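For reference, coords-v2.txt is printed below; it contains compact mmCIF, C-alpha atoms.
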```txt
# COMPACT_ATOMS: atom_id res chain seq x y z
CA MET A 30 -61.44 -79.99 10.93
CA LYS A 31 -61.57 -82.72 8.31
CA LEU A 32 -58.57 -84.98 8.02
CA LYS A 33 -58.13 -84.03 4.38
CA ASP A 34 -57.87 -80.36 5.38
CA SER A 35 -55.08 -80.99 7.90
CA LEU A 36 -52.05 -78.90 6.84
CA PRO A 37 -49.45 -81.09 8.61
CA LEU A 38 -50.90 -84.18 6.95
CA LYS A 39 -50.87 -82.45 3.54
CA ILE A 40 -47.23 -81.44 4.01
CA ALA A 41 -46.32 -84.99 5.05
CA LEU A 42 -48.08 -86.52 2.04
CA ILE A 43 -46.43 -84.06 -0.35
CA GLY A 44 -43.06 -84.98 1.20
CA VAL A 45 -43.78 -88.69 0.65
CA LEU A 46 -44.85 -87.95 -2.92
CA ALA A 47 -41.60 -86.06 -3.53
CA LEU A 48 -39.60 -89.02 -2.26
CA MET A 49 -41.60 -91.30 -4.56
CA MET A 50 -40.31 -89.21 -7.47
CA LEU A 51 -36.88 -90.67 -6.76
CA VAL A 52 -38.07 -93.88 -8.43
CA PRO A 53 -38.77 -92.40 -11.91
CA LEU A 54 -35.65 -90.24 -11.53
CA ALA A 55 -33.64 -93.42 -10.92
CA MET A 56 -35.23 -94.97 -14.02
CA VAL A 57 -34.13 -91.97 -16.10
CA GLN A 58 -30.62 -92.19 -14.66
CA GLY A 59 -30.59 -95.88 -15.52
CA GLN A 60 -31.50 -95.01 -19.10
CA ILE A 61 -28.68 -92.45 -19.18
CA HIS A 62 -26.28 -95.16 -17.99
CA ASP A 63 -27.50 -97.52 -20.74
CA ARG A 64 -26.93 -94.87 -23.40
CA GLN A 65 -23.47 -94.16 -22.00
CA THR A 66 -22.71 -97.89 -22.13
CA ALA A 67 -23.81 -98.00 -25.77
CA ALA A 68 -21.58 -95.00 -26.52
CA ASP A 69 -18.62 -96.73 -24.82
CA ALA A 70 -19.28 -99.87 -26.87
CA SER A 71 -19.17 -97.79 -30.05
CA GLN A 72 -15.90 -96.25 -28.82
CA ASN A 73 -14.42 -99.72 -28.32
CA GLU A 74 -15.58 -100.88 -31.76
CA VAL A 75 -13.94 -97.92 -33.45
CA ALA A 76 -10.77 -98.30 -31.35
CA ALA A 77 -10.53 -101.98 -32.28
CA SER A 78 -10.29 -101.01 -35.94
CA TRP A 79 -8.50 -97.67 -35.75
CA GLY A 80 -6.17 -98.19 -32.79
CA ARG A 81 -6.51 -98.28 -29.01
CA ALA A 82 -4.74 -96.20 -26.39
CA GLN A 83 -1.05 -96.21 -27.26
CA THR A 84 2.02 -96.39 -25.03
CA LEU A 85 5.30 -95.93 -26.90
CA THR A 86 8.31 -97.96 -25.79
CA GLY A 87 11.96 -98.03 -26.78
CA PRO A 88 13.99 -98.44 -28.81
CA VAL A 89 16.44 -100.73 -27.00
CA LEU A 90 19.24 -102.98 -28.22
CA LYS A 91 19.00 -106.69 -27.50
CA LEU A 92 22.39 -108.44 -27.67
CA SER A 93 22.93 -112.19 -27.30
CA TYR A 94 26.38 -113.66 -26.81
CA GLU A 95 28.17 -116.83 -25.73
CA THR A 96 29.94 -116.83 -22.40
CA GLU A 97 32.04 -119.45 -20.67
CA LEU A 98 31.08 -120.67 -17.20
CA LEU A 99 32.66 -123.14 -14.81
CA ASP A 100 30.39 -125.94 -13.54
CA LYS A 101 30.76 -127.62 -10.15
CA ASP A 102 33.48 -129.91 -11.56
CA GLN A 103 35.44 -126.86 -12.75
CA LYS A 104 34.72 -127.72 -16.36
CA LYS A 105 34.10 -124.95 -18.81
CA THR A 106 30.68 -124.78 -20.41
CA VAL A 107 29.39 -122.35 -23.01
CA LYS A 108 26.11 -120.65 -22.23
CA LEU A 109 24.05 -118.25 -24.29
CA ALA A 110 23.49 -114.99 -22.41
CA THR A 111 21.52 -111.91 -23.32
CA GLY A 112 21.81 -108.26 -22.43
CA THR A 113 19.84 -105.09 -23.07
CA VAL A 114 21.28 -101.67 -23.84
CA TYR A 115 18.97 -98.77 -23.06
CA PRO A 116 19.39 -95.33 -24.65
CA ARG A 117 21.60 -92.83 -22.87
CA THR A 118 19.40 -90.03 -24.22
CA LEU A 119 15.89 -90.45 -25.56
CA ASP A 120 14.05 -87.53 -27.16
CA TYR A 121 10.48 -87.78 -28.46
CA ASP A 122 8.92 -85.22 -30.77
CA ILE A 123 5.21 -86.05 -31.15
CA ASP A 124 2.67 -84.21 -33.28
CA ALA A 125 -0.83 -85.63 -32.72
CA GLN A 126 -3.78 -84.60 -34.89
CA THR A 127 -7.28 -85.48 -33.74
CA GLN A 128 -10.38 -86.20 -35.78
CA THR A 129 -13.94 -87.24 -35.02
CA LEU A 130 -15.36 -90.46 -36.43
CA HIS A 131 -19.07 -91.30 -36.45
CA ARG A 132 -20.57 -94.61 -35.41
CA SER A 133 -24.38 -94.65 -35.41
CA ILE A 134 -25.39 -91.51 -33.46
CA TYR A 135 -22.10 -91.34 -31.56
CA ASP A 136 -19.02 -89.20 -32.18
CA ILE A 137 -15.67 -90.80 -31.30
CA MET A 138 -12.44 -88.83 -31.11
CA VAL A 139 -9.31 -90.57 -32.45
CA TYR A 140 -5.85 -89.35 -33.34
CA GLY A 141 -2.95 -89.88 -35.68
CA ALA A 142 0.51 -88.96 -34.41
CA ASP A 143 3.77 -88.41 -36.23
CA VAL A 144 6.56 -89.60 -33.94
CA VAL A 145 10.25 -88.78 -34.25
CA VAL A 146 12.56 -90.39 -31.68
CA THR A 147 16.22 -89.42 -31.46
CA GLY A 148 19.02 -90.20 -29.02
CA ASP A 149 22.07 -92.39 -28.64
CA PHE A 150 23.25 -95.68 -27.20
CA VAL A 151 26.53 -96.11 -25.33
CA ILE A 152 27.71 -99.67 -26.04
CA PRO A 153 29.43 -101.14 -22.94
CA ALA A 154 32.98 -102.29 -23.58
CA TYR A 155 32.32 -105.88 -22.48
CA PHE A 156 29.90 -106.37 -25.40
CA ALA A 157 32.69 -105.50 -27.82
CA ASP A 158 34.80 -108.29 -26.35
CA GLU A 159 32.07 -110.94 -26.65
CA ASN A 160 31.11 -113.10 -29.59
CA LEU A 161 27.72 -111.63 -30.35
CA THR A 162 25.37 -114.24 -31.79
CA GLU A 163 22.27 -112.05 -32.16
CA GLN A 164 21.90 -108.29 -32.44
CA LEU A 165 18.44 -106.73 -32.50
CA VAL A 166 16.95 -103.29 -32.12
CA VAL A 167 13.55 -103.62 -30.43
CA MET A 168 10.67 -101.25 -29.81
CA GLY A 169 7.23 -101.75 -28.31
CA LEU A 170 3.76 -100.36 -28.96
CA SER A 171 0.48 -101.02 -27.16
CA ASP A 172 -1.49 -101.76 -30.32
CA LEU A 173 0.39 -102.58 -33.53
CA ARG A 174 -2.79 -102.11 -35.56
CA GLY A 175 -2.24 -98.41 -35.07
CA ILE A 176 0.98 -98.41 -37.13
CA GLU A 177 0.47 -96.53 -40.38
CA GLY A 178 3.17 -96.99 -42.99
CA SER A 179 6.73 -98.05 -42.29
CA VAL A 180 8.77 -97.81 -39.11
CA ASP A 181 12.30 -96.71 -39.98
CA ILE A 182 15.37 -96.35 -37.80
CA THR A 183 18.87 -95.10 -38.53
CA LEU A 184 21.67 -96.39 -36.27
CA GLY A 185 24.83 -94.45 -36.94
CA ASP A 186 25.15 -94.58 -40.72
CA MET A 187 23.05 -97.74 -41.10
CA ALA A 188 19.34 -97.55 -42.03
CA TYR A 189 16.84 -100.29 -41.16
CA ALA A 190 13.09 -100.88 -41.42
CA PHE A 191 11.27 -102.71 -38.62
CA HIS A 192 9.35 -105.91 -39.17
CA SER A 193 6.96 -107.84 -36.94
CA GLY A 194 8.45 -108.71 -33.53
CA SER A 195 9.45 -112.19 -32.42
CA THR A 196 8.77 -114.05 -29.17
CA LYS A 197 12.33 -113.40 -28.06
CA ALA A 198 11.91 -109.70 -28.66
CA ASP A 199 8.77 -109.73 -26.48
CA GLU A 200 11.00 -110.46 -23.49
CA TYR A 201 12.52 -107.00 -23.76
CA VAL A 202 9.39 -104.89 -23.63
CA PRO A 203 6.79 -104.61 -20.83
CA ALA A 204 4.31 -107.44 -20.47
CA ASN A 205 1.42 -104.97 -20.88
CA SER A 206 2.73 -103.86 -24.29
CA LYS A 207 0.63 -105.80 -26.77
CA GLY A 208 3.10 -105.67 -29.68
CA THR A 209 6.78 -105.46 -30.47
CA LEU A 210 8.82 -104.72 -33.51
CA SER A 211 12.38 -105.96 -33.96
CA GLU A 212 15.05 -105.84 -36.61
CA PRO A 213 18.48 -107.51 -36.86
CA ILE A 214 21.37 -105.04 -36.95
CA ASP A 215 25.11 -105.17 -37.51
CA LEU A 216 26.95 -103.45 -34.67
CA ASP A 217 30.34 -104.23 -36.17
CA LYS A 218 29.59 -101.96 -39.13
CA ALA A 219 27.83 -99.36 -37.02
CA LEU A 220 30.69 -99.12 -34.52
CA MET A 221 33.70 -99.10 -36.82
CA ASP A 222 36.92 -97.28 -35.84
CA GLY A 223 36.46 -97.99 -32.14
CA LYS A 224 33.26 -96.02 -31.70
CA THR A 225 31.18 -96.77 -28.60
CA VAL A 226 28.42 -94.16 -29.02
CA LEU A 227 25.68 -95.06 -31.49
CA PRO A 228 23.23 -92.25 -32.38
CA PHE A 229 19.82 -93.21 -33.69
CA ARG A 230 16.75 -91.66 -35.31
CA LEU A 231 13.41 -93.51 -35.32
CA THR A 232 10.39 -92.27 -37.29
CA TYR A 233 6.87 -93.64 -37.64
CA ARG A 234 3.20 -92.70 -37.64
CA VAL A 235 0.79 -94.23 -35.17
CA LYS A 236 -2.99 -94.10 -34.83
CA GLY A 237 -4.85 -94.50 -31.57
CA SER A 238 -7.63 -93.30 -29.31
CA SER A 239 -8.21 -92.16 -25.73
CA SER A 240 -4.59 -91.64 -24.67
CA LEU A 241 -1.00 -91.36 -25.85
CA LYS A 242 1.80 -92.18 -23.41
CA VAL A 243 5.56 -92.78 -23.37
CA ARG A 244 7.81 -95.00 -21.26
CA PRO A 245 11.03 -93.23 -20.13
CA TYR A 246 13.59 -95.79 -21.29
CA GLY A 247 16.42 -93.28 -21.61
CA GLY A 248 18.98 -92.23 -19.05
CA THR A 249 17.35 -88.87 -19.71
CA THR A 250 14.02 -88.81 -21.51
CA GLU A 251 12.69 -85.64 -23.12
CA VAL A 252 9.20 -85.60 -24.63
CA LYS A 253 7.74 -82.75 -26.64
CA MET A 254 4.12 -83.18 -27.62
CA ARG A 255 1.69 -80.96 -29.46
CA SER A 256 -1.87 -81.55 -30.57
CA ASP A 257 -5.00 -79.76 -31.74
CA CYS A 258 -7.02 -81.35 -28.91
CA PRO A 259 -8.38 -78.48 -26.76
CA ASP A 260 -9.25 -80.68 -23.76
CA PRO A 261 -6.12 -82.64 -22.72
CA SER A 262 -5.80 -84.38 -19.39
CA PHE A 263 -2.16 -84.90 -18.49
CA THR A 264 -1.73 -88.21 -16.76
CA GLY A 265 0.79 -90.81 -15.63
CA ASP A 266 3.70 -90.85 -13.23
CA PHE A 267 5.02 -87.44 -14.29
CA LEU A 268 3.23 -84.23 -15.21
CA PRO A 269 4.73 -81.97 -17.88
CA SER A 270 7.29 -79.45 -16.74
CA GLU A 271 5.91 -77.03 -19.33
CA ARG A 272 2.44 -76.83 -20.83
CA ASN A 273 0.32 -74.41 -22.82
CA VAL A 274 -3.36 -75.21 -23.43
CA THR A 275 -5.53 -73.03 -25.67
CA GLY A 276 -8.77 -73.41 -27.54
CA ASP A 277 -6.75 -74.49 -30.59
CA GLY A 278 -4.81 -77.26 -28.86
CA PHE A 279 -1.86 -77.71 -26.53
CA THR A 280 1.88 -78.09 -26.32
CA ALA A 281 3.66 -79.87 -23.47
CA ARG A 282 7.18 -80.93 -22.51
CA TRP A 283 8.34 -83.62 -20.08
CA SER A 284 11.86 -84.18 -18.79
CA VAL A 285 12.54 -87.40 -16.84
CA SER A 286 15.84 -88.74 -15.52
CA GLU A 287 16.74 -92.31 -14.63
CA ILE A 288 17.42 -90.98 -11.12
CA ASN A 289 13.74 -90.37 -10.38
CA ARG A 290 11.90 -92.58 -12.87
CA GLY A 291 12.19 -95.96 -11.09
CA ASP A 292 11.63 -99.06 -13.21
CA PRO A 293 10.88 -97.76 -16.73
CA ASP A 294 8.68 -100.78 -17.45
CA ASP A 295 6.39 -99.66 -14.62
CA THR A 296 6.51 -95.97 -15.49
CA SER A 297 4.63 -94.02 -18.14
CA PHE A 298 3.31 -90.55 -18.69
CA GLY A 299 1.42 -88.68 -21.35
CA VAL A 300 -2.01 -87.30 -22.06
CA ASN A 301 -5.62 -88.40 -22.28
CA LEU A 302 -7.14 -86.79 -25.35
CA LEU A 303 -10.64 -85.96 -24.15
CA GLN A 304 -13.70 -84.97 -26.13
CA GLY A 305 -14.81 -82.61 -23.37
CA VAL A 306 -17.69 -83.34 -21.02
CA THR A 307 -20.12 -85.62 -22.87
CA GLN A 308 -23.85 -85.05 -23.07
CA TYR A 309 -24.37 -88.12 -20.89
CA GLN A 310 -22.22 -86.70 -18.11
CA GLN A 311 -24.08 -83.40 -18.29
CA THR A 312 -27.49 -85.10 -18.33
CA THR A 313 -26.51 -87.24 -15.34
CA ARG A 314 -25.40 -84.18 -13.40
CA SER A 315 -28.62 -82.31 -14.21
CA ALA A 316 -30.75 -85.31 -13.16
CA LYS A 317 -29.02 -85.33 -9.78
CA TYR A 318 -30.59 -81.93 -9.14
CA GLY A 319 -34.00 -83.30 -10.12
CA ILE A 320 -35.23 -83.97 -6.59
CA LEU A 321 -34.33 -80.40 -5.58
CA VAL A 322 -36.33 -78.96 -8.47
CA ILE A 323 -39.30 -81.18 -7.60
CA LEU A 324 -39.20 -80.19 -3.93
CA LEU A 325 -38.97 -76.52 -4.86
CA VAL A 326 -41.99 -76.69 -7.17
CA PHE A 327 -44.01 -78.72 -4.63
CA ILE A 328 -43.24 -76.16 -1.91
CA ALA A 329 -44.26 -73.37 -4.28
CA GLY A 330 -47.50 -75.19 -5.04
CA LEU A 331 -48.21 -75.54 -1.35
CA ALA A 332 -47.55 -71.81 -0.90
CA VAL A 333 -50.04 -71.04 -3.69
CA GLU A 334 -52.60 -73.17 -1.87
CA LEU A 335 -52.09 -71.28 1.40
CA VAL A 336 -51.84 -67.74 -0.01
CA GLY A 337 -54.23 -67.98 -2.93
CA LYS A 338 -56.76 -70.21 -1.18
CA LYS A 339 -56.53 -72.65 -4.07
CA ARG A 340 -56.57 -76.41 -3.73
CA ILE A 341 -54.13 -78.70 -5.52
CA ASP A 342 -54.92 -82.39 -5.08
CA LEU A 343 -52.25 -85.01 -4.49
CA VAL A 344 -52.97 -86.55 -7.88
CA GLN A 345 -52.24 -83.16 -9.44
CA TYR A 346 -48.96 -82.96 -7.50
CA LEU A 347 -48.16 -86.40 -8.93
CA VAL A 348 -48.76 -85.17 -12.49
CA ILE A 349 -46.56 -82.12 -11.84
CA GLY A 350 -43.77 -84.30 -10.40
CA LEU A 351 -43.83 -86.74 -13.32
CA SER A 352 -43.74 -83.82 -15.77
CA LEU A 353 -40.64 -82.51 -14.04
CA VAL A 354 -39.03 -85.96 -14.30
CA LEU A 355 -39.96 -86.20 -17.99
CA PHE A 356 -37.81 -83.13 -18.57
CA TYR A 357 -34.62 -85.16 -17.98
CA ALA A 358 -35.74 -87.86 -20.41
CA LEU A 359 -36.26 -85.13 -23.02
CA VAL A 360 -32.80 -83.70 -22.35
CA LEU A 361 -31.28 -87.17 -22.83
CA SER A 362 -33.08 -87.74 -26.13
CA PHE A 363 -32.42 -84.29 -27.59
CA SER A 364 -28.76 -84.16 -26.53
CA GLU A 365 -27.93 -87.20 -28.68
CA PHE A 366 -28.76 -85.19 -31.80
CA MET A 367 -27.87 -81.60 -30.88
CA ARG A 368 -25.56 -79.62 -28.63
CA PHE A 369 -26.35 -79.95 -24.94
CA PRO A 370 -27.24 -76.26 -24.29
CA VAL A 371 -29.76 -76.37 -27.17
CA ALA A 372 -31.17 -79.71 -25.96
CA TYR A 373 -31.49 -78.43 -22.41
CA GLY A 374 -33.20 -75.22 -23.51
CA LEU A 375 -35.64 -77.02 -25.82
CA ALA A 376 -36.57 -79.57 -23.12
CA ALA A 377 -37.03 -76.77 -20.57
CA LEU A 378 -39.22 -74.78 -22.97
CA MET A 379 -41.47 -77.77 -23.67
CA THR A 380 -41.78 -78.68 -19.98
CA VAL A 381 -42.47 -75.12 -18.84
CA ALA A 382 -45.08 -74.63 -21.59
CA ALA A 383 -46.84 -77.90 -20.70
CA LEU A 384 -46.86 -77.10 -16.97
CA PHE A 385 -48.15 -73.58 -17.64
CA GLY A 386 -51.16 -75.03 -19.45
CA TYR A 387 -51.68 -77.48 -16.60
CA PHE A 388 -51.37 -74.79 -13.91
CA ARG A 389 -53.87 -72.62 -15.80
CA GLY A 390 -56.28 -75.53 -15.92
CA ILE A 391 -56.15 -76.41 -12.22
CA LEU A 392 -55.75 -72.92 -10.69
CA ARG A 393 -57.84 -70.90 -13.16
CA ASP A 394 -56.30 -67.54 -12.23
CA LYS A 395 -53.10 -65.50 -12.54
CA THR A 396 -51.27 -67.52 -9.86
CA ALA A 397 -50.36 -69.93 -12.68
CA TRP A 398 -47.90 -67.33 -13.96
CA PRO A 399 -45.59 -67.05 -10.91
CA LEU A 400 -45.69 -70.82 -10.42
CA THR A 401 -44.65 -71.35 -14.05
CA ALA A 402 -41.95 -68.69 -13.69
CA LEU A 403 -40.59 -70.57 -10.67
CA VAL A 404 -40.23 -73.74 -12.76
CA ALA A 405 -38.34 -71.78 -15.42
CA VAL A 406 -36.06 -70.20 -12.81
CA ALA A 407 -35.41 -73.62 -11.25
CA TYR A 408 -34.23 -75.00 -14.59
CA LEU A 409 -32.12 -71.90 -15.19
CA LEU A 410 -30.42 -72.23 -11.80
CA SER A 411 -29.86 -75.94 -12.42
CA TYR A 412 -28.15 -75.14 -15.73
CA ILE A 413 -25.96 -72.51 -14.07
CA LEU A 414 -24.91 -75.11 -11.48
CA LEU A 415 -23.93 -77.47 -14.32
CA GLN A 416 -21.49 -74.89 -15.65
```

Please re-express this file's structure in structure tokens.
Amino acid sequence: MKLKDSLPLKIALIGVLALMMLVPLAMVQGQIHDRQTAADASQNEVAASWGRAQTLTGPVLKLSYETELLDKDQKKTVKLATGTVYPRTLDYDIDAQTQTLHRSIYDIMVYGADVVVTGDFVIPAYFADENLTEQLVVMGLSDLRGIEGSVDITLGDMAYAFHSGSTKADEYVPANSKGTLSEPIDLDKALMDGKTVLPFRLTYRVKGSSSLKVRPYGGTTEVKMRSDCPDPSFTGDFLPSERNVTGDGFTARWSVSEINRGDPDDTSFGVNLLQGVTQYQQTTRSAKYGILVILLVFIAGLAVELVGKKRIDLVQYLVIGLSLVLFYALVLSFSEFMRFPVAYGLAALMTVAALFGYFRGILRDKTAWPLTALVAVAYLLSYILLQ
């Protein structure tokens, strides 16, 4: 028996050839990664102009006052002290509307949210007895570029509009909040007739992308959120106690108490507004099945050789393997301009048609039909696995 006719040797060489196909498959996966990186860069560019992921903070009251202290010589000295009053109740009502922006060939989902915050402050008695030197209401936001229009707050019967935050105000919001807004207030007018409870209502509109979260600064924090995004991913330290997700959007409600929240500056919860599984994720997943498809077709080719007494050379196996790899490059290219199912089907049709012509050329009989059908079935099963 000639060495080239040895079946074990042929099987071993086909196995080596199949493993060699991992190299072009890795090159295709590298190209997918590059395209995903370019898409992420476009996402960041749009977010930089529209608004990044937003975490809503506050409002809180910042009160500065003079207090007398005794030094080591028992002499009285006056020192400026500061205190923060957090809301007793904090209720968010958030209505987020999504839209898709286009940058080059990429689609980027962003949102605009109308936010209404209500609740009340309980002013501790010792603040009423101090000589308050500074009174501010302070709120924080991850990215102030997302603010659209004015930010208005009503404290009791007094109405205020926020302006850009100061360095002092930054001390009263988390370090990872990139912007603050503060406004001087007059507690003496707001708390006339011995009142100690100060209700508030804060309204604003914010734009952002990727996610929308809230920090639970209240003694009890209630958050109601609704959106037209059909693919939310609830995230953070607390999941919603109620949720309803449909094809038209979602509604969700969170209820968090100061008993279980921990440090509010280190706590947040909300939702990632997803655009669904991207074409790059789907193409990557399909390419991971590439070696299985190649092995299956190679084994089928070997079976045709044994049963049909036909000979397929190693170079021809190489052409078949590279054609199967080219399928994933076609899927990547088509999916950037059309829906993934259409891109996948078109790439499969082109690959199957090309391989059918090749099988007909090298086998020259009807065995080309079942071998071509096997390729089509392999792609069909791969697509089913993706779902």

For a quick check of your reading of the model, name the residues lying within 12 Å of the coordinate (-13.6, -101.1, -35.9), counting only C-alpha atoms, and write them as a PDB file with C-alpha atoms, keeping the file's coordinate frame.
```
ATOM      1  CA  ALA A  70     -19.280 -99.870 -26.870  1.00  0.00           C
ATOM      2  CA  SER A  71     -19.170 -97.790 -30.050  1.00  0.00           C
ATOM      3  CA  GLN A  72     -15.900 -96.250 -28.820  1.00  0.00           C
ATOM      4  CA  ASN A  73     -14.420 -99.720 -28.320  1.00  0.00           C
ATOM      5  CA  GLU A  74     -15.580-100.880 -31.760  1.00  0.00           C
ATOM      6  CA  VAL A  75     -13.940 -97.920 -33.450  1.00  0.00           C
ATOM      7  CA  ALA A  76     -10.770 -98.300 -31.350  1.00  0.00           C
ATOM      8  CA  ALA A  77     -10.530-101.980 -32.280  1.00  0.00           C
ATOM      9  CA  SER A  78     -10.290-101.010 -35.940  1.00  0.00           C
ATOM     10  CA  TRP A  79      -8.500 -97.670 -35.750  1.00  0.00           C
ATOM     11  CA  GLY A  80      -6.170 -98.190 -32.790  1.00  0.00           C
ATOM     12  CA  ARG A  81      -6.510 -98.280 -29.010  1.00  0.00           C
ATOM     13  CA  LEU A 130     -15.360 -90.460 -36.430  1.00  0.00           C
ATOM     14  CA  HIS A 131     -19.070 -91.300 -36.450  1.00  0.00           C
ATOM     15  CA  ARG A 132     -20.570 -94.610 -35.410  1.00  0.00           C
ATOM     16  CA  ILE A 137     -15.670 -90.800 -31.300  1.00  0.00           C
ATOM     17  CA  VAL A 139      -9.310 -90.570 -32.450  1.00  0.00           C
ATOM     18  CA  ARG A 174      -2.790-102.110 -35.560  1.00  0.00           C
ATOM     19  CA  GLY A 175      -2.240 -98.410 -35.070  1.00  0.00           C
ATOM     20  CA  GLY A 237      -4.850 -94.500 -31.570  1.00  0.00           C
ATOM     21  CA  SER A 238      -7.630 -93.300 -29.310  1.00  0.00           C
TER      22      SER A 238
END
```

Contacts of A:Ala383 at 12 Å (all atoms listed in the file; same-chain gap of 4+ positions) as a list in words: Val348, Ile349, Leu351, Ser352, Leu353, Leu355, Phe356, Ala376, Ala377, Leu378, Met379, Tyr387, Phe388, Arg389, Gly390, Ala397, Thr401, Val404 and Ala405 of chain A

Check which residues of stretch 215-326 of chain A sit at most 9 Å from stretch 59-62 of chain A using only C-alpha atoms, and return one row each with the closest pair of atoms and their distance in Å to one decimal, ordered by chain and rising number, as a tab-separated table.
```
residue	atom	partner	partner_atom	distance
A:Tyr309	CA	A:Ile61	CA	6.3
A:Gln310	CA	A:Ile61	CA	8.7
A:Thr312	CA	A:Ile61	CA	7.5
A:Thr313	CA	A:Ile61	CA	6.8
```

Anything within 10 Å of (-30.5, -83.4, -26.7): list those residues as a list in words, counting all atoms listed in the file and sticking to the file's coordinates. Gln308, Tyr309, Thr312, Tyr357, Ala358, Leu359, Val360, Leu361, Ser362, Phe363, Ser364, Glu365, Phe366, Met367, Arg368, Phe369, Pro370, Val371, Ala372, Tyr373, Gly374, Leu375 and Ala376 of chain A

Go ahead and write the selection's residues with C-alpha atoms as an mmCIF file, in the frame of the given file.
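Result written to out_30.cif:
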```
data_model
loop_
_atom_site.group_PDB
_atom_site.id
_atom_site.type_symbol
_atom_site.label_atom_id
_atom_site.label_comp_id
_atom_site.auth_asym_id
_atom_site.auth_seq_id
_atom_site.Cartn_x
_atom_site.Cartn_y
_atom_site.Cartn_z
ATOM 1 C CA GLN A 308 -23.850 -85.050 -23.070
ATOM 2 C CA TYR A 309 -24.370 -88.120 -20.890
ATOM 3 C CA THR A 312 -27.490 -85.100 -18.330
ATOM 4 C CA TYR A 357 -34.620 -85.160 -17.980
ATOM 5 C CA ALA A 358 -35.740 -87.860 -20.410
ATOM 6 C CA LEU A 359 -36.260 -85.130 -23.020
ATOM 7 C CA VAL A 360 -32.800 -83.700 -22.350
ATOM 8 C CA LEU A 361 -31.280 -87.170 -22.830
ATOM 9 C CA SER A 362 -33.080 -87.740 -26.130
ATOM 10 C CA PHE A 363 -32.420 -84.290 -27.590
ATOM 11 C CA SER A 364 -28.760 -84.160 -26.530
ATOM 12 C CA GLU A 365 -27.930 -87.200 -28.680
ATOM 13 C CA PHE A 366 -28.760 -85.190 -31.800
ATOM 14 C CA MET A 367 -27.870 -81.600 -30.880
ATOM 15 C CA ARG A 368 -25.560 -79.620 -28.630
ATOM 16 C CA PHE A 369 -26.350 -79.950 -24.940
ATOM 17 C CA PRO A 370 -27.240 -76.260 -24.290
ATOM 18 C CA VAL A 371 -29.760 -76.370 -27.170
ATOM 19 C CA ALA A 372 -31.170 -79.710 -25.960
ATOM 20 C CA TYR A 373 -31.490 -78.430 -22.410
ATOM 21 C CA GLY A 374 -33.200 -75.220 -23.510
ATOM 22 C CA LEU A 375 -35.640 -77.020 -25.820
ATOM 23 C CA ALA A 376 -36.570 -79.570 -23.120
#
```

With all atoms listed in the file as the atoms that count, which of A:Asp257, A:Asp186, A:Glu177, A:Glu334 lies nearest to A:Asp217? A:Asp186

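Restricting the calculation to only C-alpha atoms, the smallest distance between A:Pro228 and any of A:Val52, A:Met187, A:Leu403, A:Ile176 is found for A:Met187.
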
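In this model, the gap between atom CA of A:Arg290 and atom CA of A:Thr250 comes to 9.7 Å.
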
Applying 12 Å and all atoms listed in the file, which residues near A:Lys338 remain after dropping the ones on its own chain fewer than 5 positions away? List them as a tab-separated table (two decimals) with C-alpha atoms, in the coordinates of the input.
```tsv
chain	number	residue	atom	x	y	z
A	330	GLY	CA	-47.50	-75.19	-5.04
A	331	LEU	CA	-48.21	-75.54	-1.35
A	332	ALA	CA	-47.55	-71.81	-0.90
A	333	VAL	CA	-50.04	-71.04	-3.69
A	392	LEU	CA	-55.75	-72.92	-10.69
A	394	ASP	CA	-56.30	-67.54	-12.23
A	396	THR	CA	-51.27	-67.52	-9.86
```

Which residues, written as a compact mmCIF listing (two decimals) with C-alpha atoms, keeping the file's coordinate frame, have at least one atom at most 10 Å from A:Arg230, with only C-alpha atoms counted and residues fewer than 2 positions away on the same chain left out?
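Below you can see part-v4.txt, which holds the result:
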```
# COMPACT_ATOMS: atom_id res chain seq x y z
CA PRO A 88 13.99 -98.44 -28.81
CA LEU A 119 15.89 -90.45 -25.56
CA ASP A 120 14.05 -87.53 -27.16
CA VAL A 145 10.25 -88.78 -34.25
CA VAL A 146 12.56 -90.39 -31.68
CA THR A 147 16.22 -89.42 -31.46
CA GLY A 148 19.02 -90.20 -29.02
CA ASP A 149 22.07 -92.39 -28.64
CA ASP A 181 12.30 -96.71 -39.98
CA ILE A 182 15.37 -96.35 -37.80
CA THR A 183 18.87 -95.10 -38.53
CA LEU A 184 21.67 -96.39 -36.27
CA GLY A 185 24.83 -94.45 -36.94
CA ALA A 188 19.34 -97.55 -42.03
CA PRO A 228 23.23 -92.25 -32.38
CA THR A 232 10.39 -92.27 -37.29
```

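For the set A:Gln83, A:Thr111, A:Asn289, A:Ser315, the residue with the smallest atom-to-atom gap to A:Pro245 is A:Asn289, counting only C-alpha atoms.
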
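You can rank A:Ile320, A:Val180, A:Ile152, A:Ile288 by their closest distance to A:Gly350 using only C-alpha atoms, and at the top of that list sits A:Ile320.
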
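Minimum distance to A:Asp124 across A:Leu414, A:Ala67, A:Met254, A:Ile328 (counting only C-alpha atoms) occurs at A:Met254.
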
If you count only C-alpha atoms, which residues fall within 12 Å of stretch 292-297 of chain A, apart from same-chain ones fewer than 5 positions away, as a ChimeraX atom specification? /A:83-87,115-116,169,200-206,240-250,252,263-268,283,285-287

Write out as an MDAnalysis selection string which residues come within 9 Å of A:Phe150 when counting all atoms listed in the file, dropping same-chain ones fewer than 3 positions away. chainID A and resid 89:90 114:118 225:229

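If you measure from each of A:Pro153, A:Gly141, A:Pro261, A:Gly319 to A:Leu51 using all atoms listed in the file, the closest one turns out to be A:Gly319.
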
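Between atom CA of A:Thr127 and atom CA of A:Arg314 the separation is 27.3 Å.
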